[in-house]
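Structure, as structure tokens:
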Amino acid sequence: GVEWIVADGGSRDDTRARAGRWARVVDAPRGRGPQLNAGARAARGEILVFLHADTHLPEGARAALERALEDPRVVGGHFRFGLRGPVARSRAGQMLQAGINLRCALFGSATGDQAIFCRRAAFDALGGFAPLPLFEDLDFYRRLKRLGRVVRLPLAVATSDRRWRTRGVLRTACLHGALRAAYHLGADPRRLAAR
């Protein structure tokens, strides 16, 4: 009862063949926003879950989604943030996960690493994701909140810790924090992406 769609933005490896074994693969322009939009356009369901390729849904995700959406006022939401890999088990990784979840709870925000979901009607009303090279997820979620109630599900997704492992937890967290602060202060996402 779940439709899996992979929006491929021109990969040159074996992504299409591997994904094609378990999902419908659709062509999409490069860029996360356009790829998410292409996947949503191809979907037939009334509930859309936007899942990054390096993020896994938790056990019980479907039941949690269905419970949350029993309330007609709920237009969408997201899962708690979690990591998988060696960094996830480190003290720094545990602090990072707790900090991200606290920030999301305090400011009512969510990023794509948290498997944002919404009703199709809400997605259509918003016109989908903006074609931004960075922070298309923050922009979409901010607009989604204006349509109705959003919820944070108690279950945590598991996102690969590759970025934090490769670049370092503190360095990556500081970079993300600085970019995010600049975006909220009005910096152009295109300039931020170029940096």
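Chain labels follow the order of the structure tokens: the first chain is A, the next B, and so on; residue numbering restarts at 1 in every chain, and ligands are counted from 1 in their shown order.
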Give one line per residue of stretch 50-136 of chain A that approaches stretch 13-31 of chain A to at most 10 Å, naming the two atoms of the closest pair and their distance in Å to one decimal, counting only C-alpha atoms; sort by chain then ascending residue number and deliver it as a Markdown table.
```
| residue | atom | partner | partner_atom | distance |
| --- | --- | --- | --- | --- |
| A:Pro131 | CA | A:Gly31 | CA | 7.6 |
| A:Leu132 | CA | A:Gly31 | CA | 7.9 |
| A:Pro133 | CA | A:Gly31 | CA | 6.4 |
| A:Leu134 | CA | A:Gly31 | CA | 8.9 |
| A:Glu136 | CA | A:Gly31 | CA | 9.8 |
```
Could you turn the residues from that selection into a file that holds N, CA, C and O atoms, as a CSV table (one decimal), in the first residue's frame?
```
chain,number,residue,atom,x,y,z
A,131,PRO,N,12.4,26.3,-6.3
A,131,PRO,CA,13.6,25.8,-7.0
A,131,PRO,C,14.9,26.5,-6.4
A,131,PRO,O,15.6,27.2,-7.1
A,132,LEU,N,15.1,26.4,-5.1
A,132,LEU,CA,16.2,27.0,-4.4
A,132,LEU,C,17.4,26.0,-4.4
A,132,LEU,O,17.2,24.8,-4.2
A,133,PRO,N,18.6,26.4,-4.5
A,133,PRO,CA,19.7,25.5,-4.4
A,133,PRO,C,20.1,25.1,-3.0
A,133,PRO,O,20.9,24.2,-2.7
A,134,LEU,N,19.4,25.8,-2.0
A,134,LEU,CA,19.7,25.5,-0.6
A,134,LEU,C,18.5,25.9,0.2
A,134,LEU,O,17.9,26.9,-0.1
A,136,GLU,N,15.5,24.7,0.5
A,136,GLU,CA,14.2,24.5,-0.1
A,136,GLU,C,13.3,23.8,0.9
A,136,GLU,O,12.1,24.1,0.9
```
Spatial neighbours of stretch 42-51 of chain A, max dist 10 Å, only C-alpha atoms, sep filter under 2 positions, as a ChimeraX atom specification: /A:1-7,24-26,36-40,53-57,65-66,69,75-78,112-123,137,157,159
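Residues of stretch 151-185 of chain A that DSSP, applied to the backbone, places in strand (DSSP E): Val151, Arg152, Leu153, Pro154, Leu155, Ala156, Ala158, Thr159 and Ser160 of chain A.
Taking only C-alpha atoms into account, A:Leu179 lies nearest to A:Arg195 out of the set A:Arg195, A:Ala130, A:Arg143, A:Ala92.
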Extract, using only C-alpha atoms, all DNA, RNA and protein residues at most 9 Å from A:Ala173, discarding same-chain residues fewer than 4 positions from it, and format them as a tab-separated table (two decimals) with N, CA and C atoms, in the first residue's frame.
```tsv
chain	number	residue	atom	x	y	z
A	96	LEU	N	24.59	16.47	19.21
A	96	LEU	CA	24.11	17.03	17.95
A	96	LEU	C	22.64	16.68	17.72
A	164	TRP	N	28.95	14.39	8.80
A	164	TRP	CA	29.57	14.74	10.08
A	164	TRP	C	30.85	13.93	10.30
A	168	GLY	N	33.73	16.37	10.27
A	168	GLY	CA	33.81	16.63	11.70
A	168	GLY	C	32.50	17.19	12.22
A	169	VAL	N	32.11	16.75	13.41
A	169	VAL	CA	30.82	17.14	13.97
A	169	VAL	C	30.77	18.64	14.24
A	177	GLY	N	24.95	25.87	11.01
A	177	GLY	CA	24.38	26.94	11.83
A	177	GLY	C	24.59	28.31	11.21
A	178	ALA	N	25.79	28.56	10.69
A	178	ALA	CA	26.09	29.86	10.07
A	178	ALA	C	25.26	30.07	8.81
```
Using Å and a single decimal, report how far atom CA of A:Pro58 sits from atom CA of A:Phe81. 10.8 Å
Nearest-residue call for A:Arg146, choices A:Arg73, A:Arg12, A:His52, A:Arg165, using only C-alpha atoms: A:Arg73
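Atom CA of A:Arg80 to atom CA of A:Ala182 spans 23.9 Å [interatomic distance, one decimal].
Considering the residues A:Gly127, A:Thr111, A:Pro154, A:Leu106 and counting only C-alpha atoms, A:Arg41 has its shortest atom-to-atom contact with A:Gly127.
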Determine which residues of stretch 20-155 of chain A DSSP labels as helix (DSSP H, G or I) from the backbone of this structure, then write them out as a ChimeraX atom specification. /A:32-42,61-68,86-89,91-107,112-114,120-126,136-147
As a check of understanding: the span from atom CA of A:Asp161 to atom CA of A:Pro86 is 7.5 Å
